[in-house]
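Student: The structure file my_file.txt (compact mmCIF, C-alpha atoms (C1' of nucleotides)) is provided below.
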```txt
# COMPACT_ATOMS: atom_id res chain seq x y z
CA MET A 71 -8.96 -5.95 1.48
CA ASP A 72 -8.19 -5.37 5.13
CA ALA A 73 -5.76 -7.40 7.23
CA LYS A 74 -8.57 -9.14 9.11
CA THR A 75 -10.09 -10.57 5.94
CA LEU A 76 -6.69 -11.61 4.62
CA CYS A 77 -5.98 -13.50 7.85
CA LEU A 78 -9.37 -15.17 7.73
CA GLY A 79 -8.64 -16.20 4.15
CA VAL A 80 -5.54 -18.08 5.21
CA LEU A 81 -7.27 -19.62 8.22
CA VAL A 82 -10.24 -21.01 6.26
CA MET A 83 -7.66 -23.10 4.40
CA GLY A 84 -6.21 -24.46 7.66
CA ASP A 85 -5.00 -23.49 11.13
CA ALA A 86 -1.95 -21.26 11.29
CA SER A 87 0.13 -18.96 13.47
CA GLY A 88 0.84 -15.30 12.73
CA TYR A 89 4.25 -16.25 11.41
CA GLU A 90 2.79 -18.86 9.10
CA ILE A 91 0.19 -16.41 7.83
CA ARG A 92 2.94 -13.98 6.96
CA LYS A 93 4.76 -16.64 4.94
CA MET A 94 1.67 -17.20 2.81
CA PHE A 95 1.99 -13.60 1.60
CA GLU A 96 5.77 -13.54 1.44
CA GLU A 97 6.39 -16.66 -0.62
CA GLY A 98 3.14 -18.63 -0.54
CA PRO A 99 0.08 -18.69 -2.81
CA PHE A 100 -0.91 -15.05 -2.14
CA ALA A 101 2.51 -13.54 -2.75
CA HIS A 102 1.67 -12.45 -6.29
CA PHE A 103 -1.38 -10.31 -5.62
CA GLN A 104 -1.62 -9.40 -1.93
CA ASP A 105 0.68 -8.43 0.90
CA VAL A 106 0.37 -7.96 4.63
CA GLY A 107 3.07 -7.64 7.29
CA TYR A 108 3.41 -8.50 10.97
CA GLY A 109 2.46 -4.96 11.90
CA SER A 110 -1.02 -5.66 10.53
CA ILE A 111 -1.31 -9.39 11.19
CA TYR A 112 -0.85 -9.45 14.97
CA PRO A 113 -3.31 -6.63 15.70
CA ALA A 114 -5.77 -8.23 13.27
CA LEU A 115 -5.53 -11.62 15.01
CA ALA A 116 -6.10 -9.90 18.37
CA LYS A 117 -9.25 -8.21 17.08
CA LEU A 118 -10.54 -11.37 15.42
CA SER A 119 -10.05 -13.22 18.70
CA GLU A 120 -11.95 -10.57 20.65
CA GLU A 121 -14.81 -10.82 18.18
CA GLY A 122 -14.94 -14.60 18.48
CA LEU A 123 -14.15 -15.14 14.81
CA ILE A 124 -11.06 -17.19 15.55
CA ALA A 125 -9.92 -19.38 18.47
CA VAL A 126 -6.38 -19.47 19.87
CA THR A 127 -4.36 -22.44 21.06
CA ASP A 128 -1.19 -21.46 22.85
CA THR A 129 1.45 -24.13 22.27
CA SER A 130 4.31 -22.84 24.41
CA GLY A 131 6.91 -25.11 25.95
CA GLU A 132 6.56 -27.88 23.40
CA GLY A 133 10.05 -27.92 21.95
CA HIS A 134 9.74 -24.76 19.88
CA PRO A 135 9.43 -21.03 20.52
CA ASP A 136 6.15 -19.76 21.95
CA LYS A 137 3.58 -20.29 19.26
CA LYS A 138 -0.09 -19.44 19.03
CA VAL A 139 -2.09 -21.40 16.53
CA TYR A 140 -5.32 -19.84 15.35
CA ALA A 141 -8.38 -21.66 14.03
CA VAL A 142 -11.37 -20.06 12.37
CA THR A 143 -14.76 -20.50 14.13
CA PRO A 144 -18.09 -21.01 12.35
CA ALA A 145 -18.83 -17.31 12.99
CA GLY A 146 -15.48 -16.50 11.40
CA ARG A 147 -16.30 -18.56 8.34
CA ALA A 148 -19.60 -16.70 7.93
CA GLU A 149 -17.88 -13.35 8.38
CA PHE A 150 -15.28 -14.28 5.77
CA ARG A 151 -17.98 -15.12 3.27
CA GLN A 152 -19.66 -11.77 3.90
CA SER A 153 -16.37 -9.89 3.60
CA LEU A 154 -15.84 -11.43 0.18
CA ALA A 155 -19.30 -10.28 -0.89
CA ARG A 156 -18.63 -6.74 0.41
CA ALA A 157 -15.22 -6.36 -1.20
CA PRO A 158 -14.56 -3.76 -3.87
CA MET A 159 -12.28 -4.91 -6.60
CA GLN A 160 -10.25 -2.34 -8.43
CA ASP A 161 -6.68 -3.55 -8.71
CA LYS A 162 -3.96 -1.34 -7.33
CA ILE A 163 -0.66 -1.44 -9.14
CA ARG A 164 2.22 0.52 -7.72
CA SER A 165 5.27 0.29 -9.92
CA ASP A 166 8.22 2.44 -8.94
CA ALA A 167 10.16 0.90 -11.83
CA ALA A 168 7.53 2.14 -14.30
CA PHE A 169 7.77 5.60 -12.74
CA LEU A 170 11.53 5.51 -13.22
CA MET A 171 11.28 4.36 -16.82
CA PHE A 172 8.66 7.03 -17.50
CA PHE A 173 11.39 9.56 -16.69
CA ALA A 174 14.04 7.74 -18.69
CA GLU A 175 15.49 11.04 -19.99
CA PHE A 176 16.33 12.02 -16.41
CA LEU A 177 18.41 8.94 -15.71
CA ASP A 178 21.96 8.36 -16.81
CA PRO A 179 22.16 5.52 -19.35
CA ASP A 180 24.04 3.13 -17.07
CA HIS A 181 21.48 3.42 -14.33
CA LEU A 182 18.66 3.05 -16.84
CA ARG A 183 20.16 -0.17 -18.18
CA THR A 184 20.56 -1.51 -14.64
CA VAL A 185 16.92 -0.73 -13.88
CA TYR A 186 15.85 -2.45 -17.07
CA ASP A 187 17.99 -5.55 -16.44
CA ASP A 188 16.90 -5.92 -12.81
CA TYR A 189 13.25 -5.47 -13.65
CA LEU A 190 13.28 -7.95 -16.53
CA GLY A 191 15.35 -10.42 -14.50
CA PHE A 192 12.90 -10.25 -11.64
CA TYR A 193 9.92 -11.06 -13.85
CA ARG A 194 11.77 -13.77 -15.74
CA ALA A 195 12.51 -15.45 -12.39
CA ARG A 196 8.86 -15.21 -11.40
CA VAL A 197 7.78 -16.90 -14.62
CA GLU A 198 10.19 -19.76 -14.03
CA VAL A 199 9.11 -20.28 -10.45
CA MET A 200 5.42 -20.30 -11.33
CA GLN A 201 5.81 -22.67 -14.25
CA GLU A 202 7.26 -25.31 -11.97
CA LEU A 203 4.22 -25.46 -9.71
CA ASP A 204 2.34 -28.72 -9.65
CA PRO A 205 -1.42 -28.26 -10.16
CA GLU A 206 -2.22 -31.61 -8.50
CA GLY A 207 -5.44 -31.37 -6.55
CA VAL A 208 -5.55 -27.57 -6.49
CA PRO A 209 -9.09 -26.13 -6.62
CA GLU A 210 -10.05 -24.42 -9.86
CA GLY A 211 -10.28 -20.92 -8.40
CA ARG A 212 -6.67 -21.12 -7.27
CA LEU A 213 -5.53 -22.55 -10.59
CA PHE A 214 -7.28 -19.72 -12.39
CA VAL A 215 -5.58 -17.06 -10.29
CA ARG A 216 -2.20 -18.71 -10.68
CA GLY A 217 -2.65 -18.77 -14.46
CA LEU A 218 -3.67 -15.12 -14.41
CA GLY A 219 -0.50 -14.18 -12.56
CA LEU A 220 1.61 -16.21 -14.94
CA ALA A 221 -0.03 -14.60 -17.97
CA PHE A 222 0.73 -11.20 -16.51
CA TYR A 223 4.39 -11.98 -15.82
CA GLN A 224 4.86 -13.48 -19.27
CA ALA A 225 3.32 -10.42 -20.91
CA VAL A 226 5.77 -8.17 -19.07
CA VAL A 227 8.76 -10.32 -20.06
CA THR A 228 7.70 -10.42 -23.70
CA TYR A 229 7.06 -6.69 -23.95
CA MET A 230 10.26 -5.74 -22.14
CA THR A 231 12.32 -8.00 -24.40
CA GLU A 232 10.74 -6.80 -27.63
CA ASN A 233 10.98 -3.11 -26.76
CA ARG A 234 14.37 -2.94 -25.08
CA ASP A 235 15.79 -0.42 -27.53
CA MET A 236 12.85 1.95 -27.27
CA LEU A 237 13.58 2.43 -23.60
CA LEU A 238 17.37 2.44 -23.63
CA ASN A 239 17.59 4.92 -26.49
CA ALA A 240 15.56 7.36 -24.40
CA GLY A 241 18.32 7.82 -21.84
CA SER A 242 20.31 10.39 -23.77
CA GLY A 243 20.20 13.02 -21.03
CA LYS A 244 18.24 15.68 -22.89
CA ALA A 245 16.46 16.61 -19.67
CA ASP A 246 19.48 18.58 -18.45
CA ALA A 247 18.87 21.27 -21.03
CA ALA A 248 15.58 22.37 -19.53
CA GLU A 249 15.46 25.68 -17.60
CA MET B 268 7.86 6.06 -4.07
CA ASP B 269 6.85 8.70 -1.56
CA ALA B 270 4.35 11.47 -2.17
CA LYS B 271 7.05 14.14 -2.38
CA THR B 272 8.84 12.41 -5.25
CA LEU B 273 5.57 11.77 -7.07
CA CYS B 274 4.67 15.47 -6.82
CA LEU B 275 8.12 16.48 -8.05
CA GLY B 276 7.67 14.11 -10.98
CA VAL B 277 4.55 15.90 -12.10
CA LEU B 278 6.10 19.33 -11.55
CA VAL B 279 9.24 18.65 -13.62
CA MET B 280 6.85 18.21 -16.56
CA GLY B 281 5.21 21.57 -15.90
CA ASP B 282 3.74 23.83 -13.21
CA ALA B 283 0.62 22.56 -11.48
CA SER B 284 -1.67 22.92 -8.48
CA GLY B 285 -2.43 20.20 -5.94
CA TYR B 286 -5.70 19.51 -7.68
CA GLU B 287 -4.00 19.17 -11.05
CA ILE B 288 -1.38 16.85 -9.60
CA ARG B 289 -4.13 14.63 -8.28
CA LYS B 290 -5.73 14.41 -11.71
CA MET B 291 -2.48 13.14 -13.20
CA PHE B 292 -2.81 10.08 -10.96
CA GLU B 293 -6.57 9.74 -11.24
CA GLU B 294 -6.96 9.84 -15.01
CA GLY B 295 -3.66 11.15 -16.38
CA PRO B 296 -0.47 9.46 -17.52
CA PHE B 297 0.38 7.97 -14.09
CA ALA B 298 -3.03 6.46 -13.43
CA HIS B 299 -1.97 2.98 -14.52
CA PHE B 300 0.95 2.43 -12.18
CA GLN B 301 0.90 4.92 -9.32
CA ASP B 302 -1.61 6.59 -7.03
CA VAL B 303 -1.57 9.39 -4.50
CA GLY B 304 -4.46 11.26 -2.88
CA TYR B 305 -5.04 14.76 -1.51
CA GLY B 306 -4.26 13.53 1.98
CA SER B 307 -0.67 12.96 0.84
CA ILE B 308 -0.32 15.66 -1.83
CA TYR B 309 -1.05 18.77 0.24
CA PRO B 310 1.27 17.87 3.13
CA ALA B 311 3.95 16.90 0.57
CA LEU B 312 3.66 20.24 -1.22
CA ALA B 313 3.94 22.06 2.12
CA LYS B 314 7.12 20.19 2.98
CA LEU B 315 8.63 20.66 -0.49
CA SER B 316 7.95 24.39 -0.17
CA GLU B 317 9.62 24.54 3.23
CA GLU B 318 12.67 22.80 1.80
CA GLY B 319 12.88 25.21 -1.13
CA LEU B 320 12.38 22.48 -3.71
CA ILE B 321 9.28 24.09 -5.17
CA ALA B 322 8.00 27.70 -5.37
CA VAL B 323 4.36 28.75 -4.87
CA THR B 324 2.35 31.36 -6.74
CA ASP B 325 -0.97 32.13 -5.14
CA THR B 326 -3.48 33.03 -7.85
CA SER B 327 -6.53 33.94 -5.79
CA GLY B 328 -9.22 36.32 -7.00
CA GLU B 329 -8.56 35.80 -10.69
CA GLY B 330 -11.90 34.40 -11.78
CA HIS B 331 -11.53 30.94 -10.26
CA PRO B 332 -11.42 29.42 -6.77
CA ASP B 333 -8.29 30.06 -4.71
CA LYS B 334 -5.51 28.28 -6.49
CA LYS B 335 -1.85 27.80 -5.70
CA VAL B 336 0.39 26.93 -8.61
CA TYR B 337 3.66 25.22 -7.80
CA ALA B 338 6.85 25.30 -9.86
CA VAL B 339 9.92 23.17 -9.28
CA THR B 340 13.16 25.01 -8.44
CA PRO B 341 16.64 23.98 -9.67
CA ALA B 342 17.22 22.42 -6.23
CA GLY B 343 13.97 20.50 -6.68
CA ARG B 344 15.07 19.21 -10.06
CA ALA B 345 18.33 17.95 -8.56
CA GLU B 346 16.50 16.33 -5.66
CA PHE B 347 14.11 14.59 -8.07
CA ARG B 348 17.01 13.15 -10.02
CA GLN B 349 18.54 11.83 -6.81
CA SER B 350 15.25 10.36 -5.64
CA LEU B 351 14.99 8.41 -8.87
CA ALA B 352 18.49 7.02 -8.33
CA ARG B 353 17.65 6.04 -4.74
CA ALA B 354 14.34 4.34 -5.56
CA PRO B 355 13.81 0.62 -5.00
CA MET B 356 11.75 -1.05 -7.65
CA GLN B 357 9.77 -4.09 -6.70
CA ASP B 358 6.24 -3.76 -8.07
CA LYS B 359 3.37 -4.00 -5.64
CA ILE B 360 0.20 -5.54 -6.95
CA ARG B 361 -2.85 -5.59 -4.73
CA SER B 362 -5.74 -7.35 -6.38
CA ASP B 363 -8.84 -7.87 -4.28
CA ALA B 364 -10.52 -9.42 -7.29
CA ALA B 365 -7.81 -12.07 -7.51
CA PHE B 366 -8.27 -12.79 -3.81
CA LEU B 367 -11.99 -13.23 -4.42
CA MET B 368 -11.49 -15.52 -7.37
CA PHE B 369 -8.94 -17.54 -5.41
CA PHE B 370 -11.81 -18.38 -3.06
CA ALA B 371 -14.26 -19.06 -5.88
CA GLU B 372 -15.74 -22.06 -4.01
CA PHE B 373 -16.84 -19.73 -1.22
CA LEU B 374 -18.84 -17.43 -3.49
CA ASP B 375 -22.30 -18.11 -4.80
CA PRO B 376 -22.23 -18.58 -8.59
CA ASP B 377 -24.16 -15.40 -9.39
CA HIS B 378 -21.79 -13.25 -7.41
CA LEU B 379 -18.80 -15.00 -8.94
CA ARG B 380 -20.08 -14.30 -12.43
CA THR B 381 -20.67 -10.65 -11.54
CA VAL B 382 -17.13 -10.35 -10.22
CA TYR B 383 -15.80 -11.95 -13.39
CA ASP B 384 -17.84 -9.73 -15.71
CA ASP B 385 -16.98 -6.51 -13.87
CA TYR B 386 -13.30 -7.35 -13.74
CA LEU B 387 -13.07 -8.29 -17.41
CA GLY B 388 -15.17 -5.28 -18.41
CA PHE B 389 -12.91 -2.96 -16.48
CA TYR B 390 -9.77 -4.21 -18.21
CA ARG B 391 -11.42 -4.24 -21.62
CA ALA B 392 -12.31 -0.58 -21.13
CA ARG B 393 -8.74 0.21 -20.15
CA VAL B 394 -7.41 -1.43 -23.29
CA GLU B 395 -9.76 0.62 -25.46
CA VAL B 396 -8.88 3.89 -23.75
CA MET B 397 -5.15 3.29 -24.05
CA GLN B 398 -5.26 2.24 -27.68
CA GLU B 399 -6.78 5.60 -28.63
CA LEU B 400 -3.88 7.62 -27.26
CA ASP B 401 -1.90 9.62 -29.76
CA PRO B 402 1.85 9.04 -29.46
CA GLU B 403 2.63 12.37 -31.20
CA GLY B 404 5.71 13.97 -29.66
CA VAL B 405 5.69 11.79 -26.54
CA PRO B 406 9.18 10.99 -25.21
CA GLU B 407 10.29 7.40 -25.62
CA GLY B 408 10.31 6.59 -21.89
CA ARG B 409 6.63 7.47 -21.64
CA LEU B 410 5.76 5.54 -24.79
CA PHE B 411 7.54 2.52 -23.39
CA VAL B 412 5.63 2.65 -20.11
CA ARG B 413 2.33 3.15 -21.90
CA GLY B 414 3.04 0.12 -24.07
CA LEU B 415 3.93 -1.91 -21.01
CA GLY B 416 0.62 -1.03 -19.37
CA LEU B 417 -1.27 -1.89 -22.52
CA ALA B 418 0.52 -5.24 -22.84
CA PHE B 419 -0.45 -6.04 -19.26
CA TYR B 420 -4.12 -5.12 -19.75
CA GLN B 421 -4.32 -7.11 -22.97
CA ALA B 422 -2.78 -10.17 -21.31
CA VAL B 423 -5.42 -10.03 -18.57
CA VAL B 424 -8.26 -9.69 -21.08
CA THR B 425 -6.97 -12.58 -23.18
CA TYR B 426 -6.44 -14.90 -20.22
CA MET B 427 -9.78 -14.07 -18.62
CA THR B 428 -11.62 -14.67 -21.87
CA GLU B 429 -9.89 -17.97 -22.64
CA ASN B 430 -10.30 -19.39 -19.14
CA ARG B 431 -13.79 -18.21 -18.27
CA ASP B 432 -15.14 -21.69 -17.70
CA MET B 433 -12.31 -22.76 -15.41
CA LEU B 434 -13.29 -20.04 -12.98
CA LEU B 435 -17.06 -20.17 -13.24
CA ASN B 436 -17.18 -23.96 -12.85
CA ALA B 437 -15.40 -23.58 -9.55
CA GLY B 438 -18.34 -21.83 -7.89
CA SER B 439 -20.28 -24.94 -7.01
CA GLY B 440 -20.47 -24.16 -3.31
CA LYS B 441 -18.51 -27.18 -2.04
CA ALA B 442 -16.93 -25.01 0.65
CA ASP B 443 -20.05 -25.22 2.83
CA ALA B 444 -19.40 -28.86 3.57
CA ALA B 445 -16.19 -28.19 5.47
CA GLU B 446 -16.17 -28.66 9.26
C1' DA C 150 -32.77 31.03 -11.43
C1' DT C 151 -31.86 26.60 -9.94
C1' DG C 152 -29.29 22.63 -9.39
C1' DA C 153 -25.58 19.66 -10.71
C1' DA C 154 -20.92 19.06 -11.79
C1' DA C 155 -16.31 20.56 -11.74
C1' DT C 156 -12.56 23.15 -9.58
C1' DA C 157 -9.86 23.83 -5.51
C1' DT C 158 -7.72 23.50 -0.74
C1' DA C 159 -7.38 21.31 3.50
C1' DT C 160 -7.77 18.09 7.56
C1' DC C 161 -8.45 13.84 10.30
C1' DG C 162 -8.93 9.13 12.15
C1' DG C 163 -7.70 4.63 11.16
C1' DC C 164 -4.75 1.65 9.04
C1' DT C 165 -0.55 -0.06 6.80
C1' DT C 166 4.37 -0.13 6.13
C1' DG C 167 8.96 -1.11 7.31
C1' DA C 168 12.06 -1.29 10.83
C1' DT C 169 13.30 -2.84 15.11
C1' DA C 170 13.47 -5.55 19.60
C1' DT C 171 13.45 -9.87 21.73
C1' DA C 172 14.19 -14.69 22.27
C1' DG C 173 14.18 -19.70 21.58
C1' DT C 174 15.51 -23.52 18.24
C1' DA C 175 17.99 -26.01 14.53
C1' DT C 176 21.96 -27.06 12.11
C1' DA C 177 26.26 -27.07 10.04
C1' DA C 178 31.20 -25.80 10.60
C1' DG C 179 35.33 -25.64 13.08
C1' DC D 67 31.44 -28.89 22.05
C1' DT D 68 30.94 -24.49 21.07
C1' DT D 69 30.23 -21.02 17.93
C1' DA D 70 27.89 -18.80 14.27
C1' DT D 71 24.24 -18.57 11.11
C1' DA D 72 19.77 -19.10 9.85
C1' DC D 73 15.11 -19.89 10.98
C1' DT D 74 10.97 -19.71 13.87
C1' DA D 75 8.04 -16.75 16.49
C1' DT D 76 5.64 -12.71 18.74
C1' DA D 77 5.20 -7.99 19.31
C1' DT D 78 5.53 -2.85 18.99
C1' DC D 79 6.29 1.84 17.07
C1' DA D 80 6.97 6.04 14.32
C1' DA D 81 6.06 7.71 9.97
C1' DG D 82 3.37 7.95 6.38
C1' DC D 83 -0.61 6.84 3.50
C1' DC D 84 -5.73 6.16 2.44
C1' DG D 85 -10.43 7.36 2.15
C1' DA D 86 -13.76 10.19 3.70
C1' DT D 87 -15.26 14.52 4.77
C1' DA D 88 -15.75 19.73 5.09
C1' DT D 89 -15.84 23.95 2.76
C1' DA D 90 -16.30 27.28 -0.99
C1' DT D 91 -16.31 29.04 -5.62
C1' DT D 92 -17.23 28.65 -10.57
C1' DT D 93 -19.15 26.75 -14.68
C1' DC D 94 -22.74 25.02 -17.34
C1' DA D 95 -26.89 22.96 -18.73
C1' DT D 96 -31.89 23.00 -17.73
```
Please express what this file holds, its structure, as structure tokens.

Tutor:
Amino acid sequence: MDAKTLCLGVLVMGDASGYEIRKMFEEGPFAHFQDVGYGSIYPALAKLSEEGLIAVTDTSGEGHPDKKVYAVTPAGRAEFRQSLARAPMQDKIRSDAAFLMFFAEFLDPDHLRTVYDDYLGFYRARVEVMQELDPEGVPEGRLFVRGLGLAFYQAVVTYMTENRDMLLNAGSGKADAAE
Amino acid sequence: MDAKTLCLGVLVMGDASGYEIRKMFEEGPFAHFQDVGYGSIYPALAKLSEEGLIAVTDTSGEGHPDKKVYAVTPAGRAEFRQSLARAPMQDKIRSDAAFLMFFAEFLDPDHLRTVYDDYLGFYRARVEVMQELDPEGVPEGRLFVRGLGLAFYQAVVTYMTENRDMLLNAGSGKADAAE
DNA sequence: ATGAAATATATCGGCTTGATATAGTATAAG
DNA sequence: CTTATACTATATCAAGCCGATATATTTCAT
């Protein structure tokens, strides 16, 4: 999914600035399955403006820092719909922690335990945060995706907890012997 | 994790060519949690060679297309170990399918059902493939990571199956009414 | 013998990533 | 009241990655 479509996705839910769009991916509803930074957002908003898919309202000098609020146009709405239809859909998972644990024999046991603890702690925290969310008035598609994310996090926590010893016993430094 | 470290990771398990490294991420043991393409692999191998971290053996004219087999040097092994220690570890999940399903109201019901079926089918297939793997002689770190991947895939399949109606009922096209 | 599929290396434009620069505003502490 | 800290906000840039493409040989089934 390219930055333009991600921005449109936020804007069809309501007007927003570049900064506000970023927050949606940093801590908001998209944080669990998409990401996009300022380096992509601002150029994307510029292009979308050029193409007439969004409209800008510059709200400078109104008691806050210069702020540009973007609103999606009817053409933008149509384009968003078409982008969704065009989209491929293979998930991309990039887990450096999994790569590390794969090479458990290469790590010293202390480091391995730290990696394990941090990783598990991170996912435990995610589960807790997501469980507190109030589903009041949230459309079903969004509820479904939230539940999917939660199911994923819970599966990781459960597996990590049940198989702690399998991983930590692997870090006995046998890899040094090679060659 | 940068391309250089990923290449080193493959090479510490055994000598390989660029093409063979790619296959490890396309269908091999890393396919479930990392990815790297030719556009990153060949430049990475060139740099690693320059730095003396890997050694090349050109095996042209031996009954197969030109082939360069790379082997990690002791310096490369040390560098790999240090890269692992340096690595951050926040997982990055990029799911276009989840983004689509989040906007279920914007999709027409047929398309939504297709997305659902494809997505579920894909993960079901993954589960089946992974369950067939033989754990004979595989180090514990790798077993652990394989189990983690399997747990994740199974959680997705279970959740998707149990909550099918929640998603598909959402595609009633109410989004058209807006504005 | 023909064509399709697999093996193999390499490059390139476009895009993303992560860091950095800049600057105004809010707020709590001293 | 002034200082420091955090937050809001836009923007850019180098480095690196991604996906597509070009090229060529070998293997294998038809």

Student: Could the residues of chain C within 8 Å of chain A, counting all atoms listed in the file, be given as a list in words, please?

Tutor: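 Per the criterion, chain C yields DT165, DT166, DG173 and DT174 of chain C.
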
Student: Work out how far CA of Met291 (chain B) is from CA of Arg156 (chain A), in Å to one decimal.

Tutor: 29.0 Å

Student: Write out as a compact mmCIF listing (two decimals) with C-alpha atoms, keeping the file's coordinate frame every residue belonging to chain B that has an atom at most 7 Å from any atom of chain A, counting only C-alpha atoms.

Tutor:
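Output file part-v1.txt follows:
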```txt
# COMPACT_ATOMS: atom_id res chain seq x y z
CA MET B 268 7.86 6.06 -4.07
CA PHE B 300 0.95 2.43 -12.18
CA GLN B 301 0.90 4.92 -9.32
CA ARG B 348 17.01 13.15 -10.02
CA LEU B 351 14.99 8.41 -8.87
CA MET B 356 11.75 -1.05 -7.65
CA ASP B 358 6.24 -3.76 -8.07
CA LYS B 359 3.37 -4.00 -5.64
CA ILE B 360 0.20 -5.54 -6.95
CA ARG B 361 -2.85 -5.59 -4.73
CA SER B 362 -5.74 -7.35 -6.38
CA ASP B 363 -8.84 -7.87 -4.28
CA ALA B 364 -10.52 -9.42 -7.29
CA ALA B 365 -7.81 -12.07 -7.51
CA LEU B 367 -11.99 -13.23 -4.42
CA MET B 368 -11.49 -15.52 -7.37
CA PHE B 369 -8.94 -17.54 -5.41
CA PHE B 370 -11.81 -18.38 -3.06
CA ALA B 371 -14.26 -19.06 -5.88
CA PHE B 373 -16.84 -19.73 -1.22
CA GLU B 407 10.29 7.40 -25.62
CA GLY B 408 10.31 6.59 -21.89
CA ARG B 409 6.63 7.47 -21.64
CA PHE B 411 7.54 2.52 -23.39
CA VAL B 412 5.63 2.65 -20.11
CA LEU B 415 3.93 -1.91 -21.01
CA ALA B 418 0.52 -5.24 -22.84
CA PHE B 419 -0.45 -6.04 -19.26
CA ALA B 422 -2.78 -10.17 -21.31
CA VAL B 423 -5.42 -10.03 -18.57
CA TYR B 426 -6.44 -14.90 -20.22
CA MET B 433 -12.31 -22.76 -15.41
CA LEU B 434 -13.29 -20.04 -12.98
CA ALA B 437 -15.40 -23.58 -9.55
```

Student: Within 9 Å of Ala338 (chain B), counting all atoms listed in the file, which residues qualify if same-chain residues fewer than 2 places away don't, as a ChimeraX atom specification?

Tutor: /B:278-279,281-284,320-324,336,340

Student: Report the centre and edge lengths, in Å to one decimal, of an axis-aligned box enclosing every atom of region 84-96 of chain D listed in the file, padded by 8 Å on each side, as lines of an AutoDock Vina configuration file.

Tutor:
```
center_x = -18.8
center_y = 17.6
center_z = -6.8
size_x = 42.2
size_y = 38.9
size_z = 39.8
```

Student: Have a look at CA of Asp377 (chain B) and CA of Glu121 (chain A) and let me know their distance in Å, one decimal.

Tutor: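 Interatomic distance here is 29.5 Å.
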
Student: Pull out every residue of chain D sitting within 10 Å of chain A, counting only C-alpha atoms (C1' of nucleotides), and send them as a ChimeraX atom specification.

Tutor: /D:74-79

Student: Save out the residues we just selected, C-alpha atoms (C1' of nucleotides), as a compact mmCIF listing (two decimals), in the coordinates of the input.

Tutor:
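And here's again-v8.txt as it stands now:
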```txt
# COMPACT_ATOMS: atom_id res chain seq x y z
C1' DT D 74 10.97 -19.71 13.87
C1' DA D 75 8.04 -16.75 16.49
C1' DT D 76 5.64 -12.71 18.74
C1' DA D 77 5.20 -7.99 19.31
C1' DT D 78 5.53 -2.85 18.99
C1' DC D 79 6.29 1.84 17.07
```

Student: Just to confirm, what's the straight-line distance from CA of Gly388 (chain B) to CA of Val277 (chain B) in Å (one decimal)?

Tutor: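 Taking CA of Gly388 (chain B) and CA of Val277 (chain B), their separation equals 29.6 Å.
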
Student: Excluding same-chain residues fewer than 6 positions from DG162 (chain C), what lies within 12 Å of it counting all atoms listed in the file, as a ChimeraX atom specification?

Tutor: /D:84-87

Student: Where atoms are absent from region 160-171 of chain A, fill them in so it carries N, CA and C atoms, then output it as a PDB file, in the coordinates of the input.

Tutor:
```pdb
ATOM      1  N   GLN A 160     -11.179  -2.974  -7.502  1.00  0.00           N
ATOM      2  CA  GLN A 160     -10.250  -2.340  -8.430  1.00  0.00           C
ATOM      3  C   GLN A 160      -8.815  -2.676  -8.037  1.00  0.00           C
ATOM      4  N   ASP A 161      -8.074  -3.217  -8.984  1.00  0.00           N
ATOM      5  CA  ASP A 161      -6.680  -3.550  -8.710  1.00  0.00           C
ATOM      6  C   ASP A 161      -5.861  -2.292  -8.445  1.00  0.00           C
ATOM      7  N   LYS A 162      -4.889  -2.447  -7.571  1.00  0.00           N
ATOM      8  CA  LYS A 162      -3.960  -1.340  -7.330  1.00  0.00           C
ATOM      9  C   LYS A 162      -2.563  -1.786  -7.713  1.00  0.00           C
ATOM     10  N   ILE A 163      -2.015  -1.125  -8.699  1.00  0.00           N
ATOM     11  CA  ILE A 163      -0.660  -1.440  -9.140  1.00  0.00           C
ATOM     12  C   ILE A 163       0.225  -0.252  -8.814  1.00  0.00           C
ATOM     13  N   ARG A 164       1.296  -0.534  -8.140  1.00  0.00           N
ATOM     14  CA  ARG A 164       2.220   0.520  -7.720  1.00  0.00           C
ATOM     15  C   ARG A 164       3.605   0.109  -8.198  1.00  0.00           C
ATOM     16  N   SER A 165       4.003   0.681  -9.316  1.00  0.00           N
ATOM     17  CA  SER A 165       5.270   0.290  -9.920  1.00  0.00           C
ATOM     18  C   SER A 165       6.250   1.456  -9.926  1.00  0.00           C
ATOM     19  N   ASP A 166       7.188   1.409  -8.983  1.00  0.00           N
ATOM     20  CA  ASP A 166       8.220   2.440  -8.940  1.00  0.00           C
ATOM     21  C   ASP A 166       9.121   2.333 -10.166  1.00  0.00           C
ATOM     22  N   ALA A 167       9.331   1.100 -10.641  1.00  0.00           N
ATOM     23  CA  ALA A 167      10.160   0.900 -11.830  1.00  0.00           C
ATOM     24  C   ALA A 167       9.533   1.596 -13.036  1.00  0.00           C
ATOM     25  N   ALA A 168       8.202   1.488 -13.178  1.00  0.00           N
ATOM     26  CA  ALA A 168       7.530   2.140 -14.300  1.00  0.00           C
ATOM     27  C   ALA A 168       7.675   3.665 -14.192  1.00  0.00           C
ATOM     28  N   PHE A 169       7.589   4.161 -12.970  1.00  0.00           N
ATOM     29  CA  PHE A 169       7.770   5.600 -12.740  1.00  0.00           C
ATOM     30  C   PHE A 169       9.167   6.027 -13.189  1.00  0.00           C
ATOM     31  N   LEU A 170      10.140   5.244 -12.820  1.00  0.00           N
ATOM     32  CA  LEU A 170      11.530   5.510 -13.220  1.00  0.00           C
ATOM     33  C   LEU A 170      11.671   5.523 -14.740  1.00  0.00           C
ATOM     34  N   MET A 171      11.117   4.483 -15.377  1.00  0.00           N
ATOM     35  CA  MET A 171      11.280   4.360 -16.820  1.00  0.00           C
ATOM     36  C   MET A 171      10.515   5.461 -17.556  1.00  0.00           C
TER      37      MET A 171
END
```
